[in-house]
$ cat start25.txt   # compact mmCIF, C-alpha atoms (C1' of nucleotides)
# COMPACT_ATOMS: atom_id res chain seq x y z
CA MET K 1 149.48 85.13 102.40
CA ASP K 2 149.66 82.52 99.67
CA LYS K 3 148.68 83.65 96.18
CA LYS K 4 146.40 80.70 95.63
CA LEU K 5 144.56 81.32 98.88
CA ILE K 6 144.01 84.89 97.87
CA GLU K 7 142.75 83.71 94.50
CA ALA K 8 140.31 81.28 96.15
CA ARG K 9 139.04 83.98 98.46
CA ASP K 10 138.75 86.69 95.84
CA ASN K 11 136.94 84.37 93.49
CA PHE K 12 134.35 83.86 96.19
CA ILE K 13 134.16 87.56 97.03
CA GLU K 14 133.61 88.48 93.42
CA SER K 15 130.85 85.93 93.06
CA ALA K 16 129.15 87.11 96.24
CA GLY K 17 129.18 90.65 94.86
CA ARG K 18 127.63 89.55 91.61
CA THR K 19 124.97 87.60 93.45
CA THR K 20 123.85 90.44 95.71
CA GLN K 21 123.93 92.76 92.73
CA GLY K 22 121.67 90.39 90.83
CA PHE K 23 119.12 90.58 93.61
CA GLY K 24 119.12 94.36 93.65
CA LEU K 25 121.21 94.63 96.81
CA GLY K 26 124.34 96.24 95.41
CA ARG K 27 127.73 94.69 94.80
CA ASN K 28 129.71 96.10 97.68
CA ILE K 29 127.50 94.62 100.34
CA GLY K 30 127.96 91.08 99.11
CA GLN K 31 131.70 91.52 98.75
CA LEU K 32 131.91 92.94 102.22
CA TYR K 33 130.09 90.03 103.78
CA ALA K 34 132.22 87.54 101.85
CA LEU K 35 135.40 89.28 102.98
CA LEU K 36 134.42 89.03 106.62
CA PHE K 37 133.17 85.50 106.15
CA PHE K 38 136.66 84.56 105.02
CA SER K 39 138.53 86.47 107.65
CA PRO K 40 139.80 84.51 110.65
CA LYS K 41 139.97 87.78 112.59
CA PRO K 42 137.52 90.66 112.94
CA MET K 43 138.27 93.55 110.60
CA SER K 44 138.12 97.32 110.93
CA LEU K 45 136.54 99.67 108.40
CA ASP K 46 139.98 100.60 107.14
CA ASP K 47 140.97 96.96 106.79
CA MET K 48 137.90 96.27 104.69
CA ALA K 49 138.20 99.40 102.58
CA GLY K 50 141.82 98.54 101.96
CA GLU K 51 141.18 94.94 100.95
CA LEU K 52 138.27 95.67 98.65
CA LYS K 53 139.74 98.92 97.32
CA VAL K 54 136.59 100.88 98.01
CA SER K 55 135.96 104.01 100.00
CA LYS K 56 135.56 103.98 103.74
CA GLY K 57 132.25 105.77 103.32
CA SER K 58 130.84 102.92 101.33
CA VAL K 59 132.13 100.36 103.82
CA SER K 60 130.58 102.29 106.69
CA THR K 61 127.18 102.41 105.03
CA ASN K 62 127.15 98.82 103.87
CA VAL K 63 128.49 97.30 107.04
CA ARG K 64 125.66 98.91 108.97
CA GLU K 65 123.16 97.53 106.50
CA LEU K 66 124.70 94.10 107.04
CA GLU K 67 124.43 94.66 110.77
CA LYS K 68 120.70 95.38 110.43
CA TRP K 69 120.32 92.03 108.73
CA GLY K 70 122.26 90.28 111.46
CA ALA K 71 124.87 89.33 108.89
CA VAL K 72 127.77 90.90 110.73
CA ARG K 73 128.33 91.97 114.31
CA GLU K 74 130.61 94.41 116.00
CA VAL K 75 133.25 92.95 118.29
CA TRP K 76 135.35 94.64 120.91
CA ILE K 77 139.09 94.48 120.73
CA LYS K 78 140.45 95.95 123.91
CA GLY K 79 143.13 98.56 123.67
CA ASP K 80 141.93 99.51 120.21
CA ARG K 81 139.46 102.24 119.56
CA LYS K 82 138.50 101.11 116.07
CA ASP K 83 135.26 99.26 115.48
CA TYR K 84 135.84 95.67 114.44
CA TYR K 85 133.36 93.44 112.67
CA GLU K 86 132.99 89.73 112.15
CA ALA K 87 130.60 87.73 109.99
CA GLU K 88 127.67 85.72 111.26
CA VAL K 89 128.47 82.37 109.69
CA ASN K 90 124.99 80.89 109.97
CA PHE K 91 124.03 81.85 106.49
CA LEU K 92 120.50 80.47 106.51
CA LYS K 93 119.78 82.47 109.63
CA ILE K 94 120.78 85.62 107.79
CA ILE K 95 118.50 84.75 104.90
CA LYS K 96 115.61 83.99 107.18
CA GLU K 97 115.95 86.76 109.72
CA GLY K 98 117.65 89.47 107.71
CA ILE K 99 117.15 89.30 103.99
CA LEU K 100 113.68 87.82 103.69
CA PRO K 101 112.14 90.34 106.10
CA PHE K 102 113.85 93.00 104.02
CA PHE K 103 112.21 91.65 100.88
CA ARG K 104 108.94 91.22 102.73
CA ARG K 105 108.88 94.92 103.45
CA LYS K 106 109.18 95.62 99.76
CA LEU K 107 106.21 93.38 99.11
CA ASP K 108 104.22 95.06 101.86
CA SER K 109 104.19 98.28 99.88
CA SER K 110 102.63 96.47 96.95
CA PHE K 111 100.09 95.06 99.35
CA VAL K 112 99.20 98.61 100.31
CA ALA K 113 98.78 99.58 96.66
CA THR K 114 96.36 96.71 96.10
CA ALA K 115 94.27 97.84 99.04
CA GLU K 116 94.35 101.42 97.78
CA SER K 117 93.10 100.38 94.37
CA LYS K 118 90.28 98.37 95.90
CA GLU K 119 89.41 101.36 98.04
CA ILE K 120 89.23 103.69 95.06
CA ILE K 121 86.88 101.37 93.25
CA HIS K 122 84.76 100.77 96.32
CA ASN K 123 84.39 104.49 97.05
CA ASN K 124 83.16 105.15 93.55
CA ARG K 125 81.05 102.11 92.87
CA LYS K 126 77.84 104.21 92.77
CA ASN K 127 79.09 106.45 89.99
CA PHE K 128 80.12 103.94 87.35
CA LYS K 129 77.77 103.53 84.43
CA SER K 130 77.08 100.64 82.06
CA GLU K 131 80.33 99.26 80.63
CA ASP K 132 82.37 100.81 83.44
CA LYS K 133 80.26 98.96 85.99
CA GLU K 134 81.21 95.73 84.33
CA LEU K 135 84.86 96.70 84.18
CA SER K 136 84.90 97.69 87.85
CA LEU K 137 83.59 94.24 88.69
CA PHE K 138 86.38 92.73 86.64
CA TYR K 139 88.95 94.86 88.42
CA THR K 140 87.60 93.89 91.80
CA LYS K 141 87.87 90.21 90.90
CA ARG K 142 91.45 90.63 89.78
CA LEU K 143 92.38 92.61 92.87
CA ASN K 144 90.92 89.85 95.01
CA LEU K 145 92.99 87.29 93.15
CA ILE K 146 96.11 89.31 93.81
CA GLU K 147 95.32 89.79 97.44
CA ILE K 148 94.98 86.07 97.97
CA ALA K 149 98.26 85.43 96.17
CA GLN K 150 100.01 88.14 98.12
CA SER K 151 99.00 86.81 101.49
CA ARG K 152 100.02 83.28 100.55
CA LEU K 153 103.33 84.67 99.38
CA LEU K 154 103.91 86.40 102.69
CA LEU K 155 103.27 83.14 104.52
CA LEU K 156 105.75 81.36 102.28
CA LEU K 157 108.38 83.98 102.95
CA ARG K 158 108.29 82.97 106.56
CA LEU K 159 109.97 79.81 105.24
CA PRO K 160 107.99 77.24 107.18
CA GLY K 161 110.46 74.59 105.99
CA LEU K 162 113.41 76.23 107.67
CA MET B 163 86.83 104.66 80.69
CA ASP B 164 86.02 106.10 84.08
CA LYS B 165 88.71 108.31 85.62
CA LYS B 166 88.59 106.53 88.94
CA LEU B 167 88.98 103.14 87.32
CA ILE B 168 92.03 104.39 85.49
CA GLU B 169 93.37 105.74 88.74
CA ALA B 170 92.84 102.40 90.49
CA ARG B 171 94.55 100.54 87.68
CA ASP B 172 97.45 102.93 87.29
CA ASN B 173 98.07 102.92 91.01
CA PHE B 174 98.47 99.18 90.81
CA ILE B 175 100.63 99.33 87.70
CA GLU B 176 102.95 101.84 89.29
CA SER B 177 103.32 99.72 92.39
CA ALA B 178 104.02 96.60 90.36
CA GLY B 179 106.77 98.48 88.55
CA ARG B 180 108.31 99.59 91.79
CA THR B 181 108.18 96.07 93.16
CA THR B 182 109.88 94.40 90.21
CA GLN B 183 112.44 97.19 90.17
CA GLY B 184 113.13 96.55 93.86
CA PHE B 185 113.95 92.94 93.08
CA GLY B 186 116.33 93.84 90.31
CA LEU B 187 113.95 92.92 87.50
CA GLY B 188 113.38 96.34 85.95
CA ARG B 189 110.36 98.59 86.16
CA ASN B 190 108.84 98.06 82.75
CA ILE B 191 108.39 94.36 83.13
CA GLY B 192 106.27 94.71 86.26
CA GLN B 193 104.17 97.46 84.74
CA LEU B 194 103.65 95.41 81.63
CA TYR B 195 102.42 92.41 83.56
CA ALA B 196 100.13 94.57 85.68
CA LEU B 197 98.69 96.20 82.59
CA LEU B 198 97.81 92.87 81.04
CA PHE B 199 96.59 91.56 84.36
CA PHE B 200 94.05 94.40 84.40
CA SER B 201 93.03 94.13 80.81
CA PRO B 202 89.80 92.26 80.06
CA LYS B 203 91.05 91.77 76.52
CA PRO B 204 94.39 90.65 75.10
CA MET B 205 96.60 93.53 74.05
CA SER B 206 98.99 94.12 71.16
CA LEU B 207 102.51 95.51 71.48
CA ASP B 208 101.27 98.86 70.24
CA ASP B 209 98.41 98.87 72.74
CA MET B 210 100.84 98.26 75.59
CA ALA B 211 103.43 100.75 74.41
CA GLY B 212 100.67 103.32 74.04
CA GLU B 213 99.18 102.75 77.47
CA LEU B 214 102.48 102.75 79.32
CA LYS B 215 104.05 105.44 77.16
CA VAL B 216 107.16 103.41 76.53
CA SER B 217 108.85 102.32 73.33
CA LYS B 218 107.69 99.35 71.35
CA GLY B 219 111.21 97.96 71.50
CA SER B 220 111.08 97.79 75.24
CA VAL B 221 107.66 96.18 75.21
CA SER B 222 108.85 93.59 72.72
CA THR B 223 111.83 92.65 74.86
CA ASN B 224 109.99 92.59 78.16
CA VAL B 225 106.94 90.77 76.96
CA ARG B 226 109.14 87.96 75.73
CA GLU B 227 110.85 87.81 79.10
CA LEU B 228 107.42 87.56 80.72
CA GLU B 229 106.55 84.82 78.28
CA LYS B 230 109.64 82.87 79.35
CA TRP B 231 108.39 83.04 82.92
CA GLY B 232 104.94 81.87 81.90
CA ALA B 233 103.55 85.19 83.10
CA VAL B 234 101.90 86.08 79.81
CA ARG B 235 100.86 84.08 76.78
CA GLU B 236 100.25 84.90 73.17
CA VAL B 237 96.68 84.57 71.96
CA TRP B 238 95.35 84.41 68.44
CA ILE B 239 92.81 86.90 67.26
CA LYS B 240 91.63 85.82 63.86
CA GLY B 241 91.60 88.34 61.10
CA ASP B 242 94.32 90.34 62.83
CA ARG B 243 97.98 89.91 62.10
CA LYS B 244 99.18 91.53 65.29
CA ASP B 245 100.41 89.44 68.20
CA TYR B 246 98.15 89.69 71.20
CA TYR B 247 99.05 88.85 74.77
CA GLU B 248 97.13 88.11 77.92
CA ALA B 249 98.28 87.66 81.50
CA GLU B 250 98.49 84.36 83.33
CA VAL B 251 96.39 85.21 86.38
CA ASN B 252 97.66 82.43 88.61
CA PHE B 253 100.23 84.58 90.25
CA LEU B 254 101.70 81.98 92.56
CA LYS B 255 102.29 79.72 89.61
CA ILE B 256 104.33 82.48 87.97
CA ILE B 257 106.39 82.90 91.12
CA LYS B 258 106.98 79.21 91.45
CA GLU B 259 107.58 78.25 87.84
CA GLY B 260 108.92 81.46 86.39
CA ILE B 261 110.56 83.81 88.82
CA LEU B 262 112.05 81.44 91.37
CA PRO B 263 113.79 79.31 88.74
CA PHE B 264 115.13 82.56 87.34
CA PHE B 265 116.54 83.48 90.74
CA ARG B 266 117.75 79.94 91.22
CA ARG B 267 119.89 80.27 88.13
CA LYS B 268 121.54 83.33 89.64
CA LEU B 269 122.32 81.36 92.76
CA ASP B 270 123.71 78.49 90.71
CA SER B 271 126.54 80.67 89.51
CA SER B 272 127.53 81.38 93.10
CA PHE B 273 127.43 77.66 93.71
CA VAL B 274 129.93 77.25 90.92
CA ALA B 275 132.19 79.89 92.45
CA THR B 276 132.20 78.05 95.77
CA ALA B 277 133.22 74.85 94.05
CA GLU B 278 135.93 76.69 92.14
CA SER B 279 137.39 78.14 95.31
CA LYS B 280 137.43 74.72 96.96
CA GLU B 281 139.11 73.34 93.89
CA ILE B 282 141.84 75.97 93.95
CA ILE B 283 142.62 75.21 97.57
CA HIS B 284 142.52 71.47 97.04
CA ASN B 285 144.85 71.62 94.05
CA ASN B 286 147.41 73.55 96.02
CA ARG B 287 147.15 71.95 99.44
CA LYS B 288 150.67 70.50 99.17
CA ASN B 289 152.30 73.85 98.63
CA PHE B 290 151.03 75.83 101.60
CA LYS B 291 153.43 76.37 104.45
CA SER B 292 152.93 76.96 108.18
CA GLU B 293 150.40 79.73 108.78
CA ASP B 294 148.98 79.36 105.28
CA LYS B 295 148.27 75.71 105.96
CA GLU B 296 146.17 76.74 108.92
CA LEU B 297 144.40 79.40 106.90
CA SER B 298 143.63 77.01 104.08
CA LEU B 299 141.99 74.72 106.61
CA PHE B 300 139.92 77.62 107.84
CA TYR B 301 138.88 78.48 104.28
CA THR B 302 137.90 74.91 103.59
CA LYS B 303 135.71 74.86 106.66
CA ARG B 304 133.99 78.06 105.66
CA LEU B 305 133.46 76.87 102.10
CA ASN B 306 131.88 73.71 103.44
CA LEU B 307 129.53 75.77 105.59
CA ILE B 308 128.49 77.78 102.56
CA GLU B 309 127.98 74.73 100.42
CA ILE B 310 125.63 73.24 102.96
CA ALA B 311 123.68 76.48 103.24
CA GLN B 312 123.52 76.84 99.48
CA SER B 313 122.09 73.40 98.90
CA ARG B 314 119.48 73.89 101.62
CA LEU B 315 118.58 77.20 100.03
CA LEU B 316 118.07 75.58 96.65
CA LEU B 317 115.72 73.06 98.22
CA LEU B 318 113.76 75.84 99.86
CA LEU B 319 113.42 77.68 96.58
CA ARG B 320 111.46 74.74 95.29
CA LEU B 321 108.81 76.01 97.73
CA PRO B 322 107.75 72.71 99.23
CA GLY B 323 104.88 74.54 100.92
CA LEU B 324 103.31 75.57 97.66
C1' DT G 325 138.77 120.15 127.99
C1' DG G 326 141.20 120.21 123.93
C1' DC G 327 143.37 116.88 120.77
C1' DT G 328 143.46 113.02 117.83
C1' DA G 329 141.74 108.90 115.82
C1' DT G 330 137.89 107.03 113.92
C1' DA G 331 133.13 106.86 112.00
C1' DT G 332 129.29 108.96 109.53
C1' DT G 333 127.07 111.74 106.26
C1' DC G 334 125.94 113.53 101.95
C1' DA G 335 126.54 116.29 97.75
C1' DG G 336 128.65 115.23 93.55
C1' DT G 337 130.00 111.75 90.30
C1' DA G 338 130.81 107.52 87.93
C1' DC G 339 128.81 103.60 86.47
C1' DA G 340 125.73 100.07 85.22
C1' DT G 341 121.59 99.17 83.14
C1' DA G 342 117.07 99.67 81.16
C1' DC G 343 114.95 102.24 77.56
C1' DT G 344 114.64 104.59 73.03
C1' DG G 345 114.12 104.70 68.31
C1' DA G 346 115.52 103.81 63.90
C1' DA G 347 117.20 100.25 60.90
C1' DC G 348 116.33 95.71 59.80
C1' DA G 349 113.84 91.30 59.51
C1' DT G 350 109.75 88.85 58.91
C1' DA G 351 105.33 87.41 57.77
C1' DG G 352 101.01 88.07 56.10
C1' DT G 353 98.05 90.00 52.08
C1' DG G 354 96.25 91.26 47.51
C1' DC H 355 105.88 88.63 44.20
C1' DA H 356 105.96 93.20 45.68
C1' DC H 357 103.92 95.77 49.35
C1' DT H 358 102.70 96.76 53.87
C1' DA H 359 102.00 95.89 58.64
C1' DT H 360 104.20 94.24 62.43
C1' DG H 361 108.05 92.44 65.31
C1' DT H 362 112.93 92.38 66.68
C1' DT H 363 117.44 94.01 67.38
C1' DC H 364 120.93 96.86 68.99
C1' DA H 365 123.88 101.03 69.19
C1' DG H 366 123.34 105.13 71.59
C1' DT H 367 121.41 107.51 75.46
C1' DA H 368 118.93 108.67 79.60
C1' DT H 369 118.21 107.39 84.14
C1' DG H 370 118.69 105.69 88.56
C1' DT H 371 121.71 104.19 91.97
C1' DA H 372 125.81 102.94 94.44
C1' DC H 373 130.22 104.81 95.36
C1' DT H 374 133.62 108.49 96.38
C1' DG H 375 135.81 111.60 99.22
C1' DA H 376 135.87 115.59 101.81
C1' DA H 377 133.43 117.91 105.49
C1' DT H 378 131.44 116.93 109.75
C1' DA H 379 130.41 114.48 113.92
C1' DT H 380 131.76 111.59 117.60
C1' DA H 381 134.23 109.26 121.00
C1' DG H 382 138.21 108.02 123.50
C1' DC H 383 142.46 109.75 125.62
C1' DA H 384 145.95 112.70 127.99

$ encode --input "start25.txt" --output "structure tokens"
Amino acid sequence: MDKKLIEARDNFIESAGRTTQGFGLGRNIGQLYALLFFSPKPMSLDDMAGELKVSKGSVSTNVRELEKWGAVREVWIKGDRKDYYEAEVNFLKIIKEGILPFFRRKLDSSFVATAESKEIIHNNRKNFKSEDKELSLFYTKRLNLIEIAQSRLLLLLRLPGL
Amino acid sequence: MDKKLIEARDNFIESAGRTTQGFGLGRNIGQLYALLFFSPKPMSLDDMAGELKVSKGSVSTNVRELEKWGAVREVWIKGDRKDYYEAEVNFLKIIKEGILPFFRRKLDSSFVATAESKEIIHNNRKNFKSEDKELSLFYTKRLNLIEIAQSRLLLLLRLPGL
DNA sequence: TGCTATATTCAGTACATACTGAACATAGTG
DNA sequence: CACTATGTTCAGTATGTACTGAATATAGCA
């Protein structure tokens, strides 16, 4: 394979790794997707581990994460007992159906925390005295603000424009 | 301050920290914002460091990052030479004007990498032979796919629905 | 059913990164 | 203008997390 083609591909792979890392998704996973995205043929775990110079264990874990997101799929190659994978090339679909729901789940847990905090205040509203009463009112207002923002955010993450 | 109120607040602060951490933004920065969001009065660096039990250095760094995002603002308290900060409570505004542009900048660098890879292939298109010629065509197609997806993604990050 | 090729798991480790804290810079005050 | 209170910086470190690699599980084959 031509040196310049390899350079073009590796430049992209490196960038993809940096990008996923920057979003808290790890470097390997982005590199892995980029590698498959630039492969004309499906690749086996060993192929991928070999190309990226990482362990097979890491490839196994990350490729299954990618599969969960619908970013890669397993393909059958008859007469071969290895698992082969290829990239889903509809990138926006991956964002919309794989990555954003993943992020949404992270936000859900903060949603839960907001509700918990409201609950704590509500359950104890009888026991607050003087300046704490005032403060509890303030907290409730702020928690309501956050709840409104959170639900709007969840709607937005459904990407109505897509 | 009432124990239950502290519990409600700290529960929220902890969750905020976990959330920002999950998005690759660090834990402290989320906690800091949450702390200010739940403070009826502006707070000084020492106040914040004391409440969160973290170093003043970290507070200084993170509060300025939050300021860049428009998530907190400095307020003057006359007769006091400390800097005081309060939270911007319009959370969606912070997302739209602070955090998304921050993420957008991360994506920009991957945009650059795509262009670079195209450039490399273009500059060498004369020199490829036989099967490499075919492969370079394949790469170009894939890079075009990515470029289209990337530009649509950037549009989306402007959150037209907001 | 045992054998071999392949995939998965997970304890240990390496690595990146956010935080600490002390030294330094700065700006208010008397 | 020196003094003091406060803020910033940054080298060193602690911490969390992703990766390694060997042990284990699994699945196809003969």

$ residues_around --input "start25.txt" --residues "Phe12 in chain K" --least-positions-apart "4" --cutoff "9 Å" --atoms "all atoms listed in the file" --output "VMD selection string"
(chain K and resid 7 to 8 16 to 17 31 34 to 35) or (chain B and resid 272 275 to 276 278 to 279)

$ closest_residue --input "start25.txt" --among "K:Asp2, K:Asp108, K:Asp46, K:Glu74" --to "Gln150 in chain K" --atoms "all atoms listed in the file"
K:Asp108

$ closest_atom_pairs --input "start25.txt" --of "chain B" --to "chain G" --cutoff "12 Å" --atoms "all atoms listed in the file" --output "JSON lines"
{"residue": "B:Gln183", "atom": "CA", "partner": "G:DA342", "partner_atom": "C1'", "distance": 10.4}
{"residue": "B:Gly186", "atom": "CA", "partner": "G:DT341", "partner_atom": "C1'", "distance": 10.4}
{"residue": "B:Leu187", "atom": "CA", "partner": "G:DA342", "partner_atom": "C1'", "distance": 9.8}
{"residue": "B:Gly188", "atom": "CA", "partner": "G:DA342", "partner_atom": "C1'", "distance": 6.9}
{"residue": "B:Arg189", "atom": "CA", "partner": "G:DA342", "partner_atom": "C1'", "distance": 8.4}
{"residue": "B:Asn190", "atom": "CA", "partner": "G:DA342", "partner_atom": "C1'", "distance": 8.5}
{"residue": "B:Ile191", "atom": "CA", "partner": "G:DA342", "partner_atom": "C1'", "distance": 10.4}
{"residue": "B:Ala211", "atom": "CA", "partner": "G:DT344", "partner_atom": "C1'", "distance": 11.9}
{"residue": "B:Lys215", "atom": "CA", "partner": "G:DC343", "partner_atom": "C1'", "distance": 11.4}
{"residue": "B:Val216", "atom": "CA", "partner": "G:DC343", "partner_atom": "C1'", "distance": 7.9}
{"residue": "B:Ser217", "atom": "CA", "partner": "G:DT344", "partner_atom": "C1'", "distance": 6.2}
{"residue": "B:Lys218", "atom": "CA", "partner": "G:DT344", "partner_atom": "C1'", "distance": 8.9}
{"residue": "B:Gly219", "atom": "CA", "partner": "G:DT344", "partner_atom": "C1'", "distance": 7.6}
{"residue": "B:Ser220", "atom": "CA", "partner": "G:DC343", "partner_atom": "C1'", "distance": 6.3}
{"residue": "B:Val221", "atom": "CA", "partner": "G:DC343", "partner_atom": "C1'", "distance": 9.8}
{"residue": "B:Ser222", "atom": "CA", "partner": "G:DC343", "partner_atom": "C1'", "distance": 11.6}
{"residue": "B:Thr223", "atom": "CA", "partner": "G:DC343", "partner_atom": "C1'", "distance": 10.4}
{"residue": "B:Asn224", "atom": "CA", "partner": "G:DA342", "partner_atom": "C1'", "distance": 10.5}
{"residue": "B:Gly241", "atom": "CA", "partner": "G:DG352", "partner_atom": "C1'", "distance": 10.7}
{"residue": "B:Asp242", "atom": "CA", "partner": "G:DG352", "partner_atom": "C1'", "distance": 9.8}
{"residue": "B:Arg243", "atom": "CA", "partner": "G:DG352", "partner_atom": "C1'", "distance": 7.0}
{"residue": "B:Lys244", "atom": "CA", "partner": "G:DG352", "partner_atom": "C1'", "distance": 10.0}
{"residue": "B:Asp245", "atom": "CA", "partner": "G:DA351", "partner_atom": "C1'", "distance": 11.7}

$ closest_residue --input "start25.txt" --among "B:Ile282, B:Ala311, B:Leu207, B:Val274" --to "Thr19 in chain K" --atoms "all atoms listed in the file"
B:Val274

$ atom_distance --input "start25.txt" --atom1 "C1' of DT369 in chain H" --atom2 "CA of Gly184 in chain B"
15.4 Å

$ closest_residue --input "start25.txt" --among "K:Glu119, K:Glu67, K:Glu131, K:Asp10" --to "Glu51 in chain K" --atoms "only C-alpha atoms"
K:Asp10

$ closest_residue --input "start25.txt" --among "B:Met163, B:Leu316, B:Leu194, B:Ile168" --to "chain K" --atoms "only C-alpha atoms"
B:Met163

$ interface_residues --input "start25.txt" --of "chain H" --to "chain K" --cutoff "9 Å" --atoms "all atoms listed in the file" --output "list of chain:residue names"
H:DA372, H:DC373, H:DT374, H:DG375, H:DA381, H:DG382

$ closest_residue --input "start25.txt" --among "K:Leu157, K:Ile77, K:Ile121, K:Val72" --to "Ser136 in chain K" --atoms "only C-alpha atoms"
K:Ile121

$ closest_residue --input "start25.txt" --among "K:Asp132, K:Glu88, K:Glu65, K:Glu147" --to "chain B" --atoms "all atoms listed in the file"
K:Asp132

$ atom_distance --input "start25.txt" --atom1 "CA of Phe91 in chain K" --atom2 "CA of Ile308 in chain B"
7.2 Å

$ atom_distance --input "start25.txt" --atom1 "CA of Leu66 in chain K" --atom2 "CA of Leu5 in chain K"
25.0 Å

$ residues_near_point --input "start25.txt" --point "(120.5, 84.6, 102.9)" --cutoff "10 Å" --atoms "all atoms listed in the file" --output "list in words"
Thr20, Trp69, Ala71, Asn90, Phe91, Leu92, Lys93, Ile94, Ile95, Lys96, Glu97, Gly98, Ile99 and Leu100 of chain K; Ala311, Gln312 and Leu315 of chain B

$ axis_aligned_box --input "start25.txt" --around "range 79-96 of chain K" --padding-each-side "8 Å" --output "JSON"
{"center_x": 129.4, "center_y": 91.4, "center_z": 114.3, "size_x": 43.5, "size_y": 37.8, "size_z": 34.8}
